[in-house]
file upload.cif (mmCIF, N, CA and C atoms)
data_coords
#
loop_
_atom_site.label_atom_id
_atom_site.label_comp_id
_atom_site.auth_asym_id
_atom_site.auth_seq_id
_atom_site.Cartn_x
_atom_site.Cartn_y
_atom_site.Cartn_z
N MET A 1 1.45 -6.71 16.51
CA MET A 1 1.72 -5.42 15.90
C MET A 1 2.29 -5.66 14.51
N ARG A 2 1.91 -4.86 13.58
CA ARG A 2 2.33 -5.00 12.18
C ARG A 2 3.80 -4.66 12.00
N VAL A 3 4.48 -5.45 11.16
CA VAL A 3 5.87 -5.19 10.78
C VAL A 3 5.87 -4.79 9.31
N ILE A 4 6.54 -3.70 8.99
CA ILE A 4 6.57 -3.18 7.63
C ILE A 4 7.99 -3.33 7.08
N ARG A 5 8.14 -4.04 5.98
CA ARG A 5 9.46 -4.19 5.35
C ARG A 5 9.84 -2.88 4.68
N VAL A 6 11.09 -2.51 4.85
CA VAL A 6 11.59 -1.26 4.28
C VAL A 6 12.47 -1.60 3.08
N ASP A 7 12.09 -1.09 1.90
CA ASP A 7 12.88 -1.28 0.69
C ASP A 7 13.94 -0.19 0.65
N ALA A 8 15.18 -0.54 0.97
CA ALA A 8 16.26 0.43 1.01
C ALA A 8 17.14 0.35 -0.23
N SER A 9 16.66 -0.29 -1.28
CA SER A 9 17.49 -0.54 -2.46
C SER A 9 17.93 0.74 -3.17
N THR A 10 17.18 1.83 -3.07
CA THR A 10 17.56 3.08 -3.72
C THR A 10 18.08 4.12 -2.73
N ALA A 11 18.14 3.77 -1.47
CA ALA A 11 18.54 4.72 -0.43
C ALA A 11 20.05 4.70 -0.19
N THR A 12 20.55 5.81 0.30
CA THR A 12 21.90 5.88 0.83
C THR A 12 21.75 5.88 2.34
N ILE A 13 22.42 4.95 3.01
CA ILE A 13 22.35 4.85 4.47
C ILE A 13 23.77 5.04 5.00
N LEU A 14 23.94 6.05 5.86
CA LEU A 14 25.24 6.37 6.42
C LEU A 14 25.23 6.12 7.92
N LEU A 15 26.30 5.55 8.44
CA LEU A 15 26.44 5.30 9.87
C LEU A 15 26.75 6.61 10.59
N THR A 16 25.93 6.97 11.57
CA THR A 16 26.15 8.20 12.34
C THR A 16 26.59 7.93 13.78
N GLU A 17 26.31 6.72 14.28
CA GLU A 17 26.72 6.33 15.64
C GLU A 17 27.17 4.89 15.61
N ALA A 18 28.35 4.63 16.16
CA ALA A 18 28.90 3.27 16.19
C ALA A 18 27.99 2.33 16.99
N PRO A 19 28.03 1.04 16.69
CA PRO A 19 27.21 0.08 17.44
C PRO A 19 27.50 0.13 18.94
N ALA A 20 26.43 0.06 19.71
CA ALA A 20 26.53 0.05 21.17
C ALA A 20 25.47 -0.90 21.72
N PRO A 21 25.73 -1.51 22.87
CA PRO A 21 24.72 -2.40 23.45
C PRO A 21 23.40 -1.65 23.69
N LYS A 22 22.29 -2.32 23.39
CA LYS A 22 20.97 -1.74 23.65
C LYS A 22 20.63 -2.00 25.11
N VAL A 23 20.39 -0.94 25.84
CA VAL A 23 20.11 -1.04 27.28
C VAL A 23 18.61 -1.22 27.48
N ARG A 24 18.25 -2.28 28.18
CA ARG A 24 16.84 -2.56 28.47
C ARG A 24 16.35 -1.76 29.67
N ASP A 25 17.20 -1.69 30.69
CA ASP A 25 16.83 -1.01 31.94
C ASP A 25 17.97 -0.06 32.31
N ARG A 26 17.73 1.24 32.20
CA ARG A 26 18.78 2.22 32.46
C ARG A 26 19.23 2.24 33.92
N GLN A 27 18.34 1.87 34.83
CA GLN A 27 18.69 1.89 36.25
C GLN A 27 19.65 0.76 36.60
N THR A 28 19.43 -0.42 36.01
CA THR A 28 20.29 -1.56 36.32
C THR A 28 21.40 -1.78 35.30
N GLY A 29 21.26 -1.16 34.13
CA GLY A 29 22.24 -1.36 33.07
C GLY A 29 22.04 -2.66 32.30
N GLU A 30 20.89 -3.32 32.52
CA GLU A 30 20.62 -4.60 31.86
C GLU A 30 20.57 -4.41 30.34
N ILE A 31 21.27 -5.30 29.63
CA ILE A 31 21.32 -5.25 28.17
C ILE A 31 20.10 -5.98 27.61
N ALA A 32 19.48 -5.40 26.58
CA ALA A 32 18.32 -6.01 25.94
C ALA A 32 18.73 -7.28 25.20
N LYS A 33 17.84 -8.25 25.21
CA LYS A 33 18.07 -9.53 24.53
C LYS A 33 16.91 -9.81 23.59
N ASP A 34 17.20 -10.52 22.50
CA ASP A 34 16.16 -10.94 21.57
C ASP A 34 15.23 -11.91 22.30
N ALA A 35 13.92 -11.70 22.18
CA ALA A 35 12.93 -12.52 22.90
C ALA A 35 12.96 -13.97 22.45
N LEU A 36 13.30 -14.23 21.19
CA LEU A 36 13.29 -15.61 20.69
C LEU A 36 14.62 -16.32 20.87
N THR A 37 15.73 -15.62 20.60
CA THR A 37 17.04 -16.28 20.62
C THR A 37 17.84 -16.04 21.89
N GLY A 38 17.50 -14.99 22.63
CA GLY A 38 18.26 -14.65 23.82
C GLY A 38 19.55 -13.91 23.52
N GLU A 39 19.80 -13.62 22.24
CA GLU A 39 21.02 -12.94 21.84
C GLU A 39 20.99 -11.47 22.25
N ALA A 40 22.15 -10.95 22.66
CA ALA A 40 22.26 -9.54 23.01
C ALA A 40 21.98 -8.67 21.78
N LEU A 41 21.35 -7.52 22.01
CA LEU A 41 20.99 -6.60 20.94
C LEU A 41 21.88 -5.36 21.00
N MET A 42 22.14 -4.80 19.81
CA MET A 42 22.93 -3.59 19.68
C MET A 42 22.08 -2.53 18.98
N THR A 43 22.44 -1.26 19.17
CA THR A 43 21.80 -0.19 18.42
C THR A 43 22.87 0.55 17.63
N VAL A 44 22.46 1.05 16.47
CA VAL A 44 23.33 1.88 15.64
C VAL A 44 22.52 3.09 15.19
N GLY A 45 23.18 4.21 15.05
CA GLY A 45 22.54 5.40 14.52
C GLY A 45 22.85 5.53 13.04
N VAL A 46 21.83 5.83 12.25
CA VAL A 46 22.03 6.00 10.81
C VAL A 46 21.25 7.21 10.31
N VAL A 47 21.68 7.70 9.16
CA VAL A 47 20.89 8.66 8.42
C VAL A 47 20.48 7.94 7.14
N TYR A 48 19.19 7.98 6.86
CA TYR A 48 18.58 7.28 5.72
C TYR A 48 18.19 8.35 4.72
N ILE A 49 18.82 8.33 3.54
CA ILE A 49 18.60 9.35 2.53
C ILE A 49 17.99 8.70 1.29
N ASP A 50 16.82 9.17 0.89
CA ASP A 50 16.17 8.60 -0.29
C ASP A 50 15.29 9.68 -0.94
N GLU A 51 15.41 9.83 -2.23
CA GLU A 51 14.61 10.77 -3.01
C GLU A 51 14.65 12.19 -2.44
N GLY A 52 15.83 12.61 -2.00
CA GLY A 52 16.00 13.98 -1.52
C GLY A 52 15.59 14.21 -0.08
N ASP A 53 15.01 13.22 0.59
CA ASP A 53 14.61 13.35 2.00
C ASP A 53 15.57 12.55 2.86
N SER A 54 15.78 13.00 4.09
CA SER A 54 16.65 12.26 5.00
C SER A 54 16.00 12.16 6.38
N SER A 55 16.32 11.08 7.06
CA SER A 55 15.83 10.85 8.43
C SER A 55 16.94 10.24 9.26
N LEU A 56 17.07 10.70 10.48
CA LEU A 56 17.99 10.09 11.45
C LEU A 56 17.19 9.12 12.30
N PHE A 57 17.70 7.90 12.48
CA PHE A 57 17.04 6.99 13.40
C PHE A 57 18.00 5.92 13.91
N GLN A 58 17.57 5.26 14.95
CA GLN A 58 18.31 4.16 15.57
C GLN A 58 17.78 2.84 15.02
N VAL A 59 18.67 1.90 14.79
CA VAL A 59 18.29 0.58 14.31
C VAL A 59 18.83 -0.45 15.29
N THR A 60 17.99 -1.41 15.66
CA THR A 60 18.40 -2.51 16.52
C THR A 60 18.87 -3.67 15.65
N VAL A 61 20.01 -4.25 16.04
CA VAL A 61 20.62 -5.34 15.29
C VAL A 61 21.13 -6.38 16.29
N PRO A 62 20.99 -7.68 16.00
CA PRO A 62 21.58 -8.67 16.90
C PRO A 62 23.10 -8.52 16.92
N GLU A 63 23.70 -8.80 18.05
CA GLU A 63 25.15 -8.62 18.22
C GLU A 63 25.95 -9.37 17.15
N THR A 64 25.53 -10.59 16.79
CA THR A 64 26.26 -11.36 15.78
C THR A 64 26.07 -10.79 14.38
N GLY A 65 25.13 -9.88 14.18
CA GLY A 65 24.90 -9.27 12.88
C GLY A 65 25.72 -8.01 12.64
N VAL A 66 26.54 -7.61 13.62
CA VAL A 66 27.37 -6.41 13.48
C VAL A 66 28.70 -6.81 12.84
N SER A 67 28.93 -6.33 11.62
CA SER A 67 30.16 -6.64 10.90
C SER A 67 31.34 -5.81 11.38
N GLU A 68 32.53 -6.34 11.16
CA GLU A 68 33.77 -5.58 11.41
C GLU A 68 33.92 -4.55 10.30
N GLY A 69 34.71 -3.53 10.54
CA GLY A 69 35.04 -2.57 9.51
C GLY A 69 34.03 -1.46 9.33
N LEU A 70 33.13 -1.26 10.27
CA LEU A 70 32.16 -0.16 10.17
C LEU A 70 32.86 1.15 10.55
N THR A 71 32.59 2.19 9.78
CA THR A 71 33.19 3.50 10.02
C THR A 71 32.10 4.55 10.06
N VAL A 72 32.10 5.35 11.12
CA VAL A 72 31.11 6.43 11.23
C VAL A 72 31.29 7.37 10.02
N GLY A 73 30.19 7.70 9.37
CA GLY A 73 30.19 8.55 8.19
C GLY A 73 30.20 7.78 6.88
N ALA A 74 30.48 6.48 6.96
CA ALA A 74 30.55 5.65 5.75
C ALA A 74 29.20 5.01 5.45
N PRO A 75 28.97 4.63 4.20
CA PRO A 75 27.72 3.94 3.85
C PRO A 75 27.67 2.55 4.47
N VAL A 76 26.45 2.13 4.83
CA VAL A 76 26.24 0.80 5.39
C VAL A 76 25.04 0.14 4.72
N ALA A 77 24.98 -1.16 4.83
CA ALA A 77 23.84 -1.94 4.36
C ALA A 77 23.11 -2.48 5.58
N LEU A 78 21.78 -2.49 5.51
CA LEU A 78 20.94 -3.00 6.60
C LEU A 78 20.00 -4.07 6.04
N PRO A 79 20.50 -5.29 5.82
CA PRO A 79 19.62 -6.34 5.28
C PRO A 79 18.49 -6.66 6.26
N GLY A 80 17.33 -6.96 5.70
CA GLY A 80 16.18 -7.32 6.52
C GLY A 80 15.60 -6.17 7.32
N LEU A 81 15.79 -4.93 6.86
CA LEU A 81 15.31 -3.76 7.60
C LEU A 81 13.78 -3.74 7.64
N VAL A 82 13.23 -3.62 8.84
CA VAL A 82 11.79 -3.52 9.03
C VAL A 82 11.48 -2.36 9.98
N ALA A 83 10.27 -1.84 9.87
CA ALA A 83 9.77 -0.79 10.76
C ALA A 83 8.57 -1.34 11.50
N ARG A 84 8.50 -1.07 12.79
CA ARG A 84 7.39 -1.55 13.61
C ARG A 84 6.82 -0.38 14.41
N PRO A 85 5.58 0.06 14.09
CA PRO A 85 4.95 1.11 14.89
C PRO A 85 4.72 0.61 16.33
N TRP A 86 4.86 1.52 17.30
CA TRP A 86 4.62 1.14 18.69
C TRP A 86 3.92 2.30 19.41
N GLU A 87 3.26 1.94 20.49
CA GLU A 87 2.66 2.96 21.37
C GLU A 87 2.62 2.41 22.79
N SER A 88 2.72 3.31 23.75
CA SER A 88 2.66 2.91 25.14
C SER A 88 2.21 4.09 25.99
N VAL A 89 1.88 3.80 27.22
CA VAL A 89 1.54 4.84 28.19
C VAL A 89 2.55 4.74 29.32
N PHE A 90 3.25 5.85 29.61
CA PHE A 90 4.26 5.89 30.65
C PHE A 90 4.00 7.10 31.52
N ASN A 91 3.80 6.87 32.81
CA ASN A 91 3.46 7.95 33.75
C ASN A 91 2.27 8.77 33.28
N GLY A 92 1.27 8.06 32.72
CA GLY A 92 0.04 8.71 32.30
C GLY A 92 0.13 9.45 30.97
N LYS A 93 1.29 9.38 30.32
CA LYS A 93 1.45 10.06 29.04
C LYS A 93 1.55 9.03 27.92
N GLU A 94 0.78 9.28 26.86
CA GLU A 94 0.83 8.40 25.71
C GLU A 94 2.06 8.72 24.88
N ARG A 95 2.75 7.66 24.45
CA ARG A 95 3.92 7.82 23.60
C ARG A 95 3.75 6.89 22.41
N HIS A 96 4.35 7.27 21.31
CA HIS A 96 4.29 6.41 20.13
C HIS A 96 5.49 6.71 19.23
N GLY A 97 5.78 5.79 18.34
CA GLY A 97 6.89 5.99 17.42
C GLY A 97 7.02 4.80 16.49
N ILE A 98 8.19 4.71 15.88
CA ILE A 98 8.50 3.62 14.99
C ILE A 98 9.84 3.04 15.41
N ALA A 99 9.88 1.73 15.63
CA ALA A 99 11.12 1.04 15.96
C ALA A 99 11.64 0.37 14.70
N TYR A 100 12.95 0.50 14.46
CA TYR A 100 13.56 -0.11 13.29
C TYR A 100 14.47 -1.25 13.72
N ARG A 101 14.44 -2.32 12.93
CA ARG A 101 15.27 -3.48 13.23
C ARG A 101 15.79 -4.07 11.93
N ALA A 102 17.02 -4.57 11.95
CA ALA A 102 17.62 -5.23 10.79
C ALA A 102 18.27 -6.51 11.27
N THR A 103 18.46 -7.43 10.34
CA THR A 103 19.12 -8.70 10.70
C THR A 103 20.62 -8.53 10.84
N ALA A 104 21.18 -7.46 10.22
CA ALA A 104 22.62 -7.22 10.27
C ALA A 104 22.92 -5.79 9.86
N ILE A 105 24.17 -5.39 10.09
CA ILE A 105 24.69 -4.13 9.55
C ILE A 105 26.09 -4.43 9.05
N ALA A 106 26.37 -3.99 7.83
CA ALA A 106 27.65 -4.26 7.20
C ALA A 106 28.09 -3.05 6.40
N PRO A 107 29.40 -2.94 6.12
CA PRO A 107 29.85 -1.85 5.25
C PRO A 107 29.07 -1.91 3.93
N GLY A 108 28.70 -0.75 3.42
CA GLY A 108 27.91 -0.68 2.19
C GLY A 108 28.63 0.12 1.14
N ALA A 109 27.88 0.54 0.15
CA ALA A 109 28.42 1.33 -0.95
C ALA A 109 27.41 2.42 -1.28
N PHE A 110 27.90 3.49 -1.89
CA PHE A 110 27.00 4.52 -2.36
C PHE A 110 26.26 3.98 -3.57
N PRO A 111 24.95 4.24 -3.68
CA PRO A 111 24.21 3.75 -4.86
C PRO A 111 24.80 4.35 -6.14
N MET A 112 24.73 3.57 -7.19
CA MET A 112 25.21 4.04 -8.50
C MET A 112 24.22 5.09 -9.02
N THR A 113 24.75 6.17 -9.57
CA THR A 113 23.88 7.18 -10.18
C THR A 113 23.90 7.00 -11.68
N GLN A 114 22.77 7.27 -12.28
CA GLN A 114 22.68 7.13 -13.73
C GLN A 114 23.22 8.40 -14.39
N ALA A 115 23.99 8.20 -15.43
CA ALA A 115 24.49 9.35 -16.18
C ALA A 115 23.32 10.02 -16.89
N GLY A 116 23.25 11.31 -16.81
CA GLY A 116 22.08 11.94 -17.37
C GLY A 116 22.39 12.88 -18.42
#

call {"tool": "encode", "arguments": {"input": "upload.cif", "output": "structure tokens"}}
result
Amino acid sequence: MRVIRVDASTATILLTEAPAPKVRDRQTGEIAKDALTGEALMTVGVVYIDEGDSSLFQVTVPETGVSEGLTVGAPVALPGLVARPWESVFNGKERHGIAYRATAIAPGAFPMTQAG
């Protein structure tokens, strides 16, 4: 499946949900792990604002990539942010969407605005 790099250099990204373990199986409570490293995965909620448009979405981050000092409502940085389209069939219904993943999440800054 294709992975699309997301250029967030001009975007404002705000944390809307604190990091939480990504659950692989809701019935057993099993935590999702990275397929290559075996590291536990976390999810964070963010609002991505760029060129007057905004989107709310969840981003998956490895547990070791979650920095201290994150505050809900504050700007964050998501290095290595990628989008991966997905589709599946569950109970006979087709589903599709975009999964977002970053190598880390850290406190960020508001982008500088140009004086006009």

call {"tool": "resolve_selection", "arguments": {"input": "upload.cif", "expression": "the PyMOL selection byres ((chain A and resi 105) around 8)", "output": "list in words"}}
result
Thr60, Val61, Pro62, Thr64, Gly65, Val66, Ser67, Glu68, Leu70, Val76, Ala77, Leu78, Pro79, Ala102, Thr103, Ala104, Ala106, Pro107 and Gly108 of chain A

call {"tool": "closest_residue", "arguments": {"input": "upload.cif", "among": "A:Leu41, A:Val47, A:Leu14, A:Val6", "to": "Val72 in chain A", "atoms": "only N, CA and C atoms"}}
result
A:Leu14

call {"tool": "resolve_selection", "arguments": {"input": "upload.cif", "expression": "the PyMOL selection byres ((chain A and resi 84) around 8)", "output": "compact mmCIF listing (two decimals) with N, CA and C atoms, in the coordinates of the input"}}
result
# COMPACT_ATOMS: atom_id res chain seq x y z
N MET A 1 1.45 -6.71 16.51
CA MET A 1 1.72 -5.42 15.90
C MET A 1 2.29 -5.66 14.51
N ARG A 2 1.91 -4.86 13.58
CA ARG A 2 2.33 -5.00 12.18
C ARG A 2 3.80 -4.66 12.00
N VAL A 3 4.48 -5.45 11.16
CA VAL A 3 5.87 -5.19 10.78
C VAL A 3 5.87 -4.79 9.31
N ILE A 4 6.54 -3.70 8.99
CA ILE A 4 6.57 -3.18 7.63
C ILE A 4 7.99 -3.33 7.08
N ARG A 5 8.14 -4.04 5.98
CA ARG A 5 9.46 -4.19 5.35
C ARG A 5 9.84 -2.88 4.68
N LEU A 81 15.79 -4.93 6.86
CA LEU A 81 15.31 -3.76 7.60
C LEU A 81 13.78 -3.74 7.64
N VAL A 82 13.23 -3.62 8.84
CA VAL A 82 11.79 -3.52 9.03
C VAL A 82 11.48 -2.36 9.98
N ALA A 83 10.27 -1.84 9.87
CA ALA A 83 9.77 -0.79 10.76
C ALA A 83 8.57 -1.34 11.50
N PRO A 85 5.58 0.06 14.09
CA PRO A 85 4.95 1.11 14.89
C PRO A 85 4.72 0.61 16.33
N TRP A 86 4.86 1.52 17.30
CA TRP A 86 4.62 1.14 18.69
C TRP A 86 3.92 2.30 19.41
N GLU A 87 3.26 1.94 20.49
CA GLU A 87 2.66 2.96 21.37
C GLU A 87 2.62 2.41 22.79
N GLY A 97 5.78 5.79 18.34
CA GLY A 97 6.89 5.99 17.42
C GLY A 97 7.02 4.80 16.49
N ILE A 98 8.19 4.71 15.88
CA ILE A 98 8.50 3.62 14.99
C ILE A 98 9.84 3.04 15.41
N ALA A 99 9.88 1.73 15.63
CA ALA A 99 11.12 1.04 15.96
C ALA A 99 11.64 0.37 14.70
N TYR A 100 12.95 0.50 14.46
CA TYR A 100 13.56 -0.11 13.29
C TYR A 100 14.47 -1.25 13.72
N ARG A 101 14.44 -2.32 12.93
CA ARG A 101 15.27 -3.48 13.23
C ARG A 101 15.79 -4.07 11.93

call {"tool": "resolve_selection", "arguments": {"input": "upload.cif", "expression": "the PyMOL selection byres (((chain A and resi 58 and name CA) around 6) and name CA)", "output": "list in words"}}
result
Val44, Gly45, Phe57 and Val59 of chain A

call {"tool": "atom_distance", "arguments": {"input": "upload.cif", "atom1": "atom N of Pro111 in chain A", "atom2": "atom N of Ala18 in chain A"}}
result
20.1 Å

call {"tool": "closest_residue", "arguments": {"input": "upload.cif", "among": "A:Thr37, A:Thr43, A:Glu63, A:Phe90", "to": "Pro21 in chain A", "atoms": "all atoms listed in the file"}}
result
A:Thr43

call {"tool": "select_by_dssp", "arguments": {"input": "upload.cif", "residues": "chain A", "states": "strand (DSSP E)", "output": "NGL selection string"}}
result
:A and (4-5 or 12-21 or 23-25 or 30-31 or 41-50 or 53-62 or 76-77 or 82-90 or 93-101 or 106-107)

call {"tool": "axis_aligned_box", "arguments": {"input": "upload.cif", "around": "range 63-68 of chain A", "padding_each_side": "5 Å", "output": "lines of an AutoDock Vina configuration file"}}
result
center_x = 28.8
center_y = -8.0
center_z = 14.3
size_x = 20.2
size_y = 16.8
size_z = 17.9
